[in-house]
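Below: coords22.txt (compact mmCIF, C-alpha atoms (C1' of nucleotides))
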# COMPACT_ATOMS: atom_id res chain seq x y z
CA MET H 1 35.50 17.58 6.88
CA ALA H 2 31.96 18.88 6.81
CA GLY H 3 31.69 18.63 3.06
CA ARG H 4 31.65 21.40 0.57
CA GLY H 5 28.14 22.54 -0.25
CA ARG H 6 25.26 23.84 1.75
CA PRO H 7 25.01 22.03 5.07
CA ARG H 8 21.98 19.98 5.92
CA ASP H 9 19.32 21.55 8.03
CA THR H 10 19.83 19.71 11.30
CA GLY H 11 16.33 20.52 12.46
CA VAL H 12 14.61 18.62 9.68
CA GLU H 13 14.99 15.17 11.14
CA GLY H 14 13.53 16.08 14.48
CA ARG H 15 10.64 18.03 13.03
CA VAL H 16 9.73 15.28 10.59
CA LEU H 17 9.91 12.55 13.21
CA ALA H 18 7.77 14.60 15.55
CA ALA H 19 5.21 15.23 12.83
CA ALA H 20 5.23 11.55 11.84
CA ALA H 21 4.77 10.49 15.44
CA ALA H 22 1.76 12.75 15.77
CA GLU H 23 0.28 11.37 12.55
CA ILE H 24 0.83 7.70 13.27
CA ARG H 25 -0.66 7.96 16.72
CA GLN H 26 -4.05 8.49 15.19
CA GLY H 27 -4.63 6.04 12.39
CA GLY H 28 -1.54 3.86 12.23
CA TYR H 29 0.64 3.13 9.28
CA ASP H 30 -1.85 3.69 6.50
CA ALA H 31 -3.15 6.96 7.83
CA LEU H 32 0.35 8.36 7.91
CA SER H 33 0.66 10.37 4.72
CA ILE H 34 4.07 11.55 3.61
CA ASP H 35 2.56 14.69 2.14
CA ARG H 36 0.87 15.58 5.41
CA VAL H 37 3.96 14.80 7.46
CA ALA H 38 6.06 17.00 5.21
CA GLU H 39 3.58 19.84 5.37
CA ARG H 40 3.22 19.56 9.13
CA ALA H 41 6.98 19.53 9.55
CA GLY H 42 7.35 22.54 7.27
CA VAL H 43 9.58 20.61 4.92
CA ALA H 44 9.44 19.81 1.25
CA LYS H 45 8.58 16.23 0.36
CA THR H 46 11.76 15.94 -1.62
CA THR H 47 13.80 16.90 1.42
CA LEU H 48 12.06 14.23 3.41
CA TYR H 49 12.90 11.63 0.79
CA ARG H 50 16.51 12.73 0.93
CA ARG H 51 16.65 11.44 4.51
CA TRP H 52 14.47 8.35 4.25
CA ALA H 53 14.22 6.29 1.11
CA SER H 54 10.61 5.24 1.67
CA LYS H 55 7.66 5.60 3.97
CA ALA H 56 8.58 2.27 5.55
CA GLU H 57 12.06 3.50 6.42
CA LEU H 58 10.64 6.61 7.98
CA VAL H 59 8.25 4.57 10.11
CA VAL H 60 10.99 2.21 11.19
CA ALA H 61 13.17 5.14 12.20
CA LEU H 62 10.20 6.56 14.04
CA ILE H 63 9.46 3.38 15.96
CA THR H 64 13.12 2.89 16.74
CA ASN H 65 13.19 6.43 18.04
CA LEU H 66 10.09 6.10 20.18
CA ARG H 67 11.26 2.81 21.55
CA GLU H 68 11.71 2.86 25.23
CA GLU H 69 13.98 0.28 26.69
CA VAL H 70 12.09 -2.18 28.82
CA PRO H 71 14.21 -2.28 31.92
CA PHE H 72 14.64 -5.87 32.90
CA GLU H 73 16.92 -6.99 35.64
CA PRO H 74 17.38 -10.72 35.95
CA THR H 75 17.03 -12.24 39.38
CA ASP H 76 18.22 -15.63 40.55
CA ASP H 77 14.91 -17.17 39.53
CA PRO H 78 15.13 -17.96 35.80
CA ARG H 79 11.65 -19.35 35.69
CA GLY H 80 10.16 -16.23 37.19
CA ASP H 81 12.30 -14.07 34.95
CA LEU H 82 11.15 -15.92 31.88
CA THR H 83 7.52 -15.59 32.83
CA GLU H 84 7.93 -11.93 33.51
CA LEU H 85 9.78 -11.31 30.28
CA VAL H 86 7.37 -13.21 28.05
CA THR H 87 4.44 -11.52 29.76
CA ALA H 88 6.04 -8.14 29.17
CA ILE H 89 6.56 -8.91 25.50
CA ALA H 90 2.99 -10.08 25.17
CA ALA H 91 1.74 -6.93 26.85
CA ASN H 92 3.87 -4.79 24.59
CA LEU H 93 2.63 -6.55 21.47
CA ALA H 94 -0.96 -6.35 22.64
CA ALA H 95 -0.60 -2.63 23.29
CA THR H 96 0.74 -1.97 19.79
CA PRO H 97 -1.80 -1.77 16.96
CA THR H 98 -1.76 -5.11 15.19
CA SER H 99 -1.90 -3.50 11.79
CA LEU H 100 1.27 -1.56 12.53
CA ILE H 101 3.18 -4.72 13.35
CA ALA H 102 1.76 -6.46 10.31
CA ASP H 103 2.62 -3.53 8.08
CA LEU H 104 6.16 -3.49 9.41
CA ALA H 105 6.47 -7.20 8.70
CA ALA H 106 5.11 -6.66 5.20
CA ALA H 107 7.49 -3.79 4.55
CA ALA H 108 10.33 -5.90 5.90
CA ALA H 109 9.45 -8.68 3.49
CA ARG H 110 9.30 -6.27 0.58
CA GLU H 111 12.38 -4.14 1.03
CA PRO H 112 15.58 -5.82 2.23
CA ARG H 113 16.92 -2.63 3.79
CA VAL H 114 13.77 -2.20 5.82
CA GLY H 115 13.92 -5.86 6.69
CA GLU H 116 17.27 -5.37 8.36
CA SER H 117 16.04 -2.45 10.40
CA VAL H 118 12.85 -4.15 11.48
CA ARG H 119 14.62 -7.33 12.43
CA ALA H 120 17.16 -5.33 14.38
CA LEU H 121 14.25 -3.73 16.17
CA TRP H 122 12.66 -7.04 17.10
CA ALA H 123 15.87 -8.96 17.69
CA GLU H 124 16.32 -7.15 20.96
CA ARG H 125 13.45 -9.03 22.57
CA HIS H 126 14.64 -12.25 21.07
CA ARG H 127 18.08 -11.80 22.58
CA ALA H 128 16.66 -10.96 25.97
CA VAL H 129 14.62 -14.15 25.99
CA THR H 130 17.61 -16.12 24.76
CA ALA H 131 19.69 -14.84 27.64
CA VAL H 132 17.15 -15.86 30.25
CA VAL H 133 16.63 -19.23 28.60
CA ALA H 134 20.38 -19.80 28.82
CA LYS H 135 20.22 -19.13 32.55
CA ALA H 136 17.30 -21.49 32.89
CA GLN H 137 19.30 -24.15 31.13
CA GLU H 138 22.24 -23.65 33.48
CA ALA H 139 19.82 -24.01 36.35
CA GLY H 140 18.74 -27.35 34.94
CA LEU H 141 15.23 -26.25 34.10
CA VAL H 142 15.50 -27.22 30.46
CA LEU H 143 15.28 -30.80 29.35
CA ASP H 144 18.34 -32.17 27.63
CA HIS H 145 16.73 -32.87 24.30
CA VAL H 146 15.52 -29.30 23.87
CA SER H 147 17.55 -26.80 21.91
CA PRO H 148 17.57 -23.38 23.63
CA ALA H 149 17.20 -21.56 20.32
CA VAL H 150 14.11 -23.56 19.43
CA LEU H 151 12.75 -23.01 22.89
CA VAL H 152 12.97 -19.27 22.40
CA ASP H 153 11.04 -19.59 19.16
CA GLN H 154 8.42 -21.62 20.94
CA LEU H 155 8.06 -18.95 23.59
CA VAL H 156 7.94 -15.88 21.38
CA GLY H 157 6.65 -17.35 18.13
CA PRO H 158 3.18 -18.18 19.46
CA LEU H 159 2.73 -14.54 20.49
CA TYR H 160 3.21 -13.29 16.94
CA TYR H 161 1.25 -16.25 15.64
CA ARG H 162 -1.77 -15.35 17.71
CA LEU H 163 -1.44 -11.70 16.87
CA LEU H 164 -0.92 -11.94 13.13
CA VAL H 165 -2.43 -15.27 12.13
CA THR H 166 -5.15 -16.59 14.39
CA GLY H 167 -6.23 -13.23 15.77
CA GLU H 168 -6.66 -14.59 19.28
CA PRO H 169 -6.01 -12.20 22.16
CA LEU H 170 -2.68 -12.02 23.93
CA THR H 171 -3.48 -12.33 27.60
CA PRO H 172 -0.93 -12.37 30.43
CA ASP H 173 -2.34 -15.76 31.28
CA TYR H 174 -1.37 -17.06 27.89
CA ALA H 175 2.22 -15.98 28.36
CA THR H 176 2.36 -17.85 31.64
CA THR H 177 0.94 -20.94 30.00
CA LEU H 178 3.62 -20.80 27.32
CA VAL H 179 6.39 -20.82 29.87
CA ARG H 180 4.84 -23.65 31.84
CA SER H 181 4.31 -25.68 28.72
CA VAL H 182 7.96 -25.37 27.85
CA LEU H 183 9.61 -25.66 31.26
CA GLY H 184 7.23 -28.15 32.79
CA PRO H 185 5.06 -27.70 35.86
CA GLU H 186 6.26 -25.71 38.79
CA GLU H 187 8.68 -27.91 40.62
CA PRO H 188 9.05 -26.69 44.20
CA GLN H 189 12.77 -26.97 44.83
CA MET G 190 -35.96 -15.71 -8.31
CA ALA G 191 -33.06 -14.58 -10.44
CA GLY G 192 -33.70 -10.92 -9.80
CA ARG G 193 -35.14 -8.40 -12.13
CA GLY G 194 -32.51 -6.50 -14.01
CA ARG G 195 -29.71 -7.48 -16.29
CA PRO G 196 -28.10 -10.70 -15.09
CA ARG G 197 -24.50 -10.81 -14.04
CA ASP G 198 -21.96 -11.97 -16.55
CA THR G 199 -21.03 -15.34 -15.10
CA GLY G 200 -17.76 -15.38 -16.97
CA VAL G 201 -16.38 -12.34 -15.20
CA GLU G 202 -15.32 -14.04 -12.03
CA GLY G 203 -13.35 -16.75 -13.76
CA ARG G 204 -11.65 -14.38 -16.16
CA VAL G 205 -10.67 -11.96 -13.42
CA LEU G 206 -9.33 -14.68 -11.15
CA ALA G 207 -7.33 -16.16 -14.02
CA ALA G 208 -5.90 -12.76 -14.89
CA ALA G 209 -5.12 -12.07 -11.25
CA ALA G 210 -3.41 -15.42 -10.88
CA ALA G 211 -1.22 -14.70 -13.88
CA GLU G 212 -0.33 -11.28 -12.49
CA ILE G 213 0.44 -12.35 -8.97
CA ARG G 214 2.65 -15.18 -10.09
CA GLN G 215 5.21 -12.71 -11.28
CA GLY G 216 5.69 -10.02 -8.68
CA GLY G 217 3.49 -10.89 -5.76
CA TYR G 218 0.90 -8.76 -4.06
CA ASP G 219 2.29 -5.34 -4.85
CA ALA G 220 2.88 -6.03 -8.51
CA LEU G 221 -0.73 -7.07 -8.93
CA SER G 222 -2.45 -3.99 -10.29
CA ILE G 223 -6.21 -3.85 -10.35
CA ASP G 224 -6.13 -1.82 -13.54
CA ARG G 225 -3.99 -4.37 -15.30
CA VAL G 226 -6.05 -7.30 -14.05
CA ALA G 227 -9.21 -5.63 -15.27
CA GLU G 228 -7.72 -4.90 -18.63
CA ARG G 229 -6.31 -8.40 -19.02
CA ALA G 230 -9.66 -9.90 -18.06
CA GLY G 231 -11.48 -7.63 -20.51
CA VAL G 232 -13.58 -6.18 -17.73
CA ALA G 233 -14.18 -2.68 -16.47
CA LYS G 234 -12.56 -1.80 -13.17
CA THR G 235 -15.94 -0.87 -11.75
CA THR G 236 -17.29 -4.30 -12.58
CA LEU G 237 -14.38 -5.87 -10.78
CA TYR G 238 -15.09 -3.78 -7.70
CA ARG G 239 -18.70 -4.91 -7.84
CA ARG G 240 -17.52 -8.45 -7.09
CA TRP G 241 -14.68 -7.77 -4.66
CA ALA G 242 -14.67 -4.81 -2.32
CA SER G 243 -10.89 -4.35 -2.32
CA LYS G 244 -7.69 -5.64 -3.78
CA ALA G 245 -7.12 -7.63 -0.62
CA GLU G 246 -10.45 -9.40 -0.99
CA LEU G 247 -9.65 -10.28 -4.56
CA VAL G 248 -6.30 -11.72 -3.57
CA VAL G 249 -7.82 -13.73 -0.74
CA ALA G 250 -10.41 -15.14 -3.11
CA LEU G 251 -7.62 -15.93 -5.52
CA ILE G 252 -5.49 -17.75 -2.95
CA THR G 253 -8.51 -19.63 -1.65
CA ASN G 254 -9.27 -20.65 -5.20
CA LEU G 255 -5.76 -21.78 -6.02
CA ARG G 256 -5.50 -23.66 -2.78
CA GLU G 257 -4.91 -27.31 -3.33
CA GLU G 258 -5.83 -29.52 -0.46
CA VAL G 259 -2.79 -31.12 1.04
CA PRO G 260 -3.83 -34.75 1.19
CA PHE G 261 -2.94 -36.03 4.58
CA GLU G 262 -3.96 -39.40 5.84
CA PRO G 263 -3.24 -40.06 9.48
CA THR G 264 -1.54 -43.33 10.31
CA ASP G 265 -1.33 -45.02 13.70
CA ASP G 266 1.89 -43.17 14.44
CA PRO G 267 0.93 -39.75 15.83
CA ARG G 268 4.50 -38.68 16.23
CA GLY G 269 5.34 -39.45 12.64
CA ASP G 270 2.12 -37.82 11.49
CA LEU G 271 2.92 -34.68 13.41
CA THR G 272 6.42 -34.47 12.00
CA GLU G 273 5.12 -34.99 8.51
CA LEU G 274 2.38 -32.42 8.91
CA VAL G 275 4.56 -29.71 10.41
CA THR G 276 7.19 -30.36 7.78
CA ALA G 277 4.57 -30.03 5.07
CA ILE G 278 3.33 -26.76 6.51
CA ALA G 279 6.88 -25.45 6.72
CA ALA G 280 7.53 -26.47 3.13
CA ASN G 281 4.33 -24.81 1.99
CA LEU G 282 5.17 -21.59 3.82
CA ALA G 283 8.72 -21.62 2.50
CA ALA G 284 7.44 -22.08 -1.04
CA THR G 285 5.09 -19.11 -0.78
CA PRO G 286 6.61 -15.66 -1.22
CA THR G 287 7.09 -14.21 2.24
CA SER G 288 5.84 -10.82 1.17
CA LEU G 289 2.55 -12.34 0.06
CA ILE G 290 1.97 -13.89 3.46
CA ALA G 291 2.97 -10.69 5.19
CA ASP G 292 0.70 -8.63 2.96
CA LEU G 293 -2.20 -10.94 3.67
CA ALA G 294 -1.56 -10.60 7.39
CA ALA G 295 -1.41 -6.83 7.03
CA ALA G 296 -4.62 -6.72 5.04
CA ALA G 297 -6.25 -9.00 7.60
CA ALA G 298 -5.25 -6.62 10.37
CA ARG G 299 -6.61 -3.65 8.47
CA GLU G 300 -9.96 -4.87 7.18
CA PRO G 301 -12.07 -7.09 9.43
CA ARG G 302 -13.81 -8.76 6.52
CA VAL G 303 -10.52 -9.70 4.97
CA GLY G 304 -9.33 -10.84 8.36
CA GLU G 305 -12.10 -13.39 8.55
CA SER G 306 -11.29 -14.79 5.12
CA VAL G 307 -7.58 -14.96 5.74
CA ARG G 308 -8.01 -16.60 9.11
CA ALA G 309 -10.41 -19.11 7.58
CA LEU G 310 -7.73 -19.83 5.02
CA TRP G 311 -5.06 -20.46 7.61
CA ALA G 312 -7.26 -22.12 10.18
CA GLU G 313 -7.35 -25.25 8.09
CA ARG G 314 -3.74 -26.04 8.87
CA HIS G 315 -4.26 -25.17 12.48
CA ARG G 316 -7.16 -27.60 12.75
CA ALA G 317 -5.18 -30.36 11.05
CA VAL G 318 -2.36 -29.98 13.54
CA THR G 319 -4.85 -29.84 16.40
CA ALA G 320 -6.36 -33.13 15.31
CA VAL G 321 -3.04 -34.90 15.20
CA VAL G 322 -1.99 -33.42 18.53
CA ALA G 323 -5.18 -34.80 20.02
CA LYS G 324 -4.24 -38.24 18.77
CA ALA G 325 -0.78 -37.85 20.20
CA GLN G 326 -2.29 -36.96 23.52
CA GLU G 327 -4.50 -40.04 23.46
CA ALA G 328 -1.41 -42.08 22.74
CA GLY G 329 0.21 -40.65 25.84
CA LEU G 330 2.87 -38.71 23.98
CA VAL G 331 1.95 -35.38 25.53
CA LEU G 332 2.95 -34.51 29.05
CA ASP G 333 0.10 -33.88 31.43
CA HIS G 334 0.88 -30.28 32.18
CA VAL G 335 0.80 -29.26 28.53
CA SER G 336 -2.33 -27.83 26.98
CA PRO G 337 -2.94 -29.24 23.49
CA ALA G 338 -4.03 -25.86 22.16
CA VAL G 339 -0.84 -24.22 23.38
CA LEU G 340 1.17 -27.07 21.96
CA VAL G 341 -0.27 -26.42 18.53
CA ASP G 342 0.72 -22.77 18.81
CA GLN G 343 4.22 -23.84 19.79
CA LEU G 344 4.45 -26.06 16.75
CA VAL G 345 3.05 -23.72 14.12
CA GLY G 346 3.80 -20.33 15.67
CA PRO G 347 7.57 -20.62 15.34
CA LEU G 348 7.18 -21.22 11.61
CA TYR G 349 5.44 -17.89 11.08
CA TYR G 350 7.78 -16.27 13.57
CA ARG G 351 10.83 -17.29 11.60
CA LEU G 352 9.22 -16.35 8.34
CA LEU G 353 7.83 -12.95 9.27
CA VAL G 354 9.92 -11.78 12.19
CA THR G 355 13.41 -13.20 12.39
CA GLY G 356 13.77 -13.97 8.70
CA GLU G 357 15.49 -17.27 9.34
CA PRO G 358 14.96 -20.05 6.79
CA LEU G 359 12.32 -22.72 7.24
CA THR G 360 14.13 -26.00 6.77
CA PRO G 361 12.55 -29.45 7.05
CA ASP G 362 15.07 -30.08 9.78
CA TYR G 363 13.66 -27.21 11.79
CA ALA G 364 10.17 -28.67 11.64
CA THR G 365 11.47 -31.96 12.95
CA THR G 366 13.26 -30.17 15.76
CA LEU G 367 10.07 -28.41 16.75
CA VAL G 368 8.21 -31.68 17.13
CA ARG G 369 10.99 -33.28 19.10
CA SER G 370 11.26 -30.29 21.37
CA VAL G 371 7.59 -30.55 22.18
CA LEU G 372 7.09 -34.30 22.36
CA GLY G 373 10.43 -35.20 23.87
CA PRO G 374 13.12 -37.43 22.35
CA GLU G 375 12.23 -40.48 20.36
CA GLU G 376 11.20 -43.10 22.82
CA PRO G 377 11.50 -46.52 21.18
CA GLN G 378 8.39 -48.28 22.39
C1' DT T 379 -44.79 -2.68 -26.11
C1' DC T 380 -43.09 -0.21 -22.27
C1' DA T 381 -41.44 0.91 -17.62
C1' DA T 382 -38.55 -0.64 -13.87
C1' DT T 383 -34.42 -2.78 -12.53
C1' DT T 384 -29.86 -4.29 -12.49
C1' DA T 385 -25.20 -4.93 -14.76
C1' DC T 386 -21.89 -3.11 -17.50
C1' DG T 387 -18.31 -0.05 -19.75
C1' DC T 388 -16.42 4.34 -19.76
C1' DT T 389 -14.56 8.55 -18.07
C1' DA T 390 -13.08 11.30 -14.64
C1' DC T 391 -11.86 12.15 -10.18
C1' DT T 392 -9.31 11.96 -5.15
C1' DG T 393 -5.51 10.90 -2.34
C1' DC T 394 -1.55 8.31 -2.12
C1' DA T 395 3.91 6.93 -2.69
C1' DG T 396 7.61 7.99 -5.16
C1' DT T 397 10.41 10.43 -8.95
C1' DA T 398 12.23 14.13 -11.96
C1' DT T 399 13.34 18.75 -12.87
C1' DC T 400 14.58 23.30 -11.91
C1' DG T 401 15.67 27.57 -9.70
C1' DT T 402 17.79 29.08 -5.63
C1' DA T 403 20.22 29.27 -1.06
C1' DA T 404 24.25 28.31 1.66
C1' DA T 405 28.53 26.80 2.32
C1' DA T 406 33.84 25.80 0.80
C1' DG T 407 37.82 26.66 -1.94
C1' DG T 408 40.30 29.04 -5.40
C1' DC Z 409 34.85 37.78 -5.91
C1' DC Z 410 33.63 33.78 -8.26
C1' DT Z 411 33.10 28.88 -9.19
C1' DT Z 412 31.85 24.54 -7.39
C1' DT Z 413 29.16 21.77 -4.54
C1' DT Z 414 25.43 20.38 -1.92
C1' DA Z 415 20.73 21.20 0.23
C1' DC Z 416 16.39 23.02 -0.22
C1' DG Z 417 11.65 24.30 -1.93
C1' DA Z 418 8.44 24.15 -5.53
C1' DT Z 419 6.11 22.13 -9.24
C1' DA Z 420 4.76 18.59 -11.98
C1' DC Z 421 4.56 14.06 -13.12
C1' DT Z 422 3.61 8.49 -13.02
C1' DG Z 423 1.16 4.62 -11.44
C1' DC Z 424 -1.63 3.08 -7.93
C1' DA Z 425 -6.40 1.88 -5.08
C1' DG Z 426 -10.78 3.21 -4.76
C1' DT Z 427 -15.10 6.13 -5.87
C1' DA Z 428 -18.67 8.76 -8.49
C1' DG Z 429 -21.46 9.69 -12.36
C1' DC Z 430 -23.43 8.61 -16.67
C1' DG Z 431 -25.04 6.41 -20.76
C1' DT Z 432 -26.34 1.97 -22.25
C1' DA Z 433 -27.37 -3.11 -22.46
C1' DA Z 434 -30.06 -6.96 -20.83
C1' DT Z 435 -33.62 -8.85 -18.27
C1' DT Z 436 -38.43 -9.09 -15.73
C1' DG Z 437 -43.05 -7.82 -15.11
C1' DA Z 438 -47.06 -5.19 -16.38

With the file now loaded, output its structure as structure tokens.
Amino acid sequence: MAGRGRPRDTGVEGRVLAAAAAEIRQGGYDALSIDRVAERAGVAKTTLYRRWASKAELVVALITNLREEVPFEPTDDPRGDLTELVTAIAANLAATPTSLIADLAAAAAREPRVGESVRALWAERHRAVTAVVAKAQEAGLVLDHVSPAVLVDQLVGPLYYRLLVTGEPLTPDYATTLVRSVLGPEEPQ
Amino acid sequence: MAGRGRPRDTGVEGRVLAAAAAEIRQGGYDALSIDRVAERAGVAKTTLYRRWASKAELVVALITNLREEVPFEPTDDPRGDLTELVTAIAANLAATPTSLIADLAAAAAREPRVGESVRALWAERHRAVTAVVAKAQEAGLVLDHVSPAVLVDQLVGPLYYRLLVTGEPLTPDYATTLVRSVLGPEEPQ
DNA sequence: TCAATTACGCTACTGCAGTATCGTAAAAGG
DNA sequence: CCTTTTACGATACTGCAGTAGCGTAATTGA
């Protein structure tokens, strides 16, 4: 079952990812050099390319690996949940170097395979917001003429828009404003 | 006034931009090679770098140059204007190679100088939407609790979000849906 | 006419991503 | 034991962005 030839060195992946993590922490995507990562990991460059087809794929695997699940437990207050969730996403985006996100988006646009991985990475947040929006709709917080899917885009899209396009800061306050704009003013019971 | 030494060759800029335009048309940002552009323009690479500090700056200058003003004359129907404008922006984004937009965003995040130019390039659309939203507000189409600035983000942001993040297509129908979601259903007089 | 100044072309270089080639090591199967 | 198969390391290469150095051309001012 395990194939015929020489088995793969199972330690390579971990060593390379660790080396890449150390490199990307100081300097972001551009500063991460495949040659340096390979040398630091004690691995030949060709071996590295046997695991990941490109620098972008390595970085995506790295980010996916580092990714810590944001624990989010929904309460019975969809509006509060939504605010909390959007604020958390905004905080996460603000904490990540903008150039890294932009470089991932660029790599995703260039290479279809990378695109799938990156979208899978970001789809998680999208789904979480979608779930809470669905609860808000059940609770009657969403106007009839509004499509839930579009509403999600209008909650999350502006975050990326500010980050990548206008360059304005992502404050917690802004996240709150987004939710209020979409759900209407606080309506006490 | 014109300085002391040898004057700059005034034809360089035009020739380089023309060569760059020809190159970028077939292959996008990555395929545009500074060496090839210089050769095609009949200019030394060093001369090219005397005008533009980086490839990104050259591309931004190129896009700015190619930019044709989208003629938009506001009518007395803010809602229709907004739909038309957002649809036009969506169409323009959909017609541009996604990787080019993503690469510009990445370059903007990397180099502050490029960031300014790119944001200036994109701010035009933002301002146009802001103006129409202001008219809509005057016409009473915007709910009181909604900030106009946030509303603009929620109209334009989802376009970039779909393009760069989720990878979903930008249809004219989607643009219309965005406007309706934000302004409420058509309210006949 | 001549020195100073600036632009230009040319060549060569660094560091980078990615590829090709080759000898060798480690396993499986005959 | 020996062949086959696969992984590995090493070296060298291509094309790329960007930089440095140098000789030379074109202009101004003395």

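Residue list for chain T within 12 Å of chain H: T:DG393, T:DC394, T:DA395, T:DG396, T:DT397, T:DA398, T:DT399, T:DT402, T:DA403, T:DA404, T:DA405, T:DA406, T:DG407, counting only C-alpha atoms (C1' of nucleotides).
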
Check the smallest atom-to-atom distance from each of H:Val16, H:Val146, H:Leu170, H:Ala139 to Leu62 in chain H using all atoms listed in the file, then report the winner.
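Looking only at the distances to Leu62 in chain H, the closest residue turns out to be H:Val16.
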
Could you tell me how far CA of Glu116 in chain H sits from CA of Ile63 in chain H, in Å to one decimal place?
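If I compute the distance from CA of Ile63 in chain H to CA of Glu116 in chain H, I get 14.0 Å.
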
Pick out the residues sitting within 8 Å of Arg119 in chain H, and hand them over as a VMD selection string; count only C-alpha atoms (C1' of nucleotides), and ignore anything fewer than 6 positions along from it in its own chain.
(chain H and resid 108) or (chain G and resid 354 to 356)

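Interatomic distance, CA of Val142 in chain H to CA of Gly269 in chain G: 23.9 Å.
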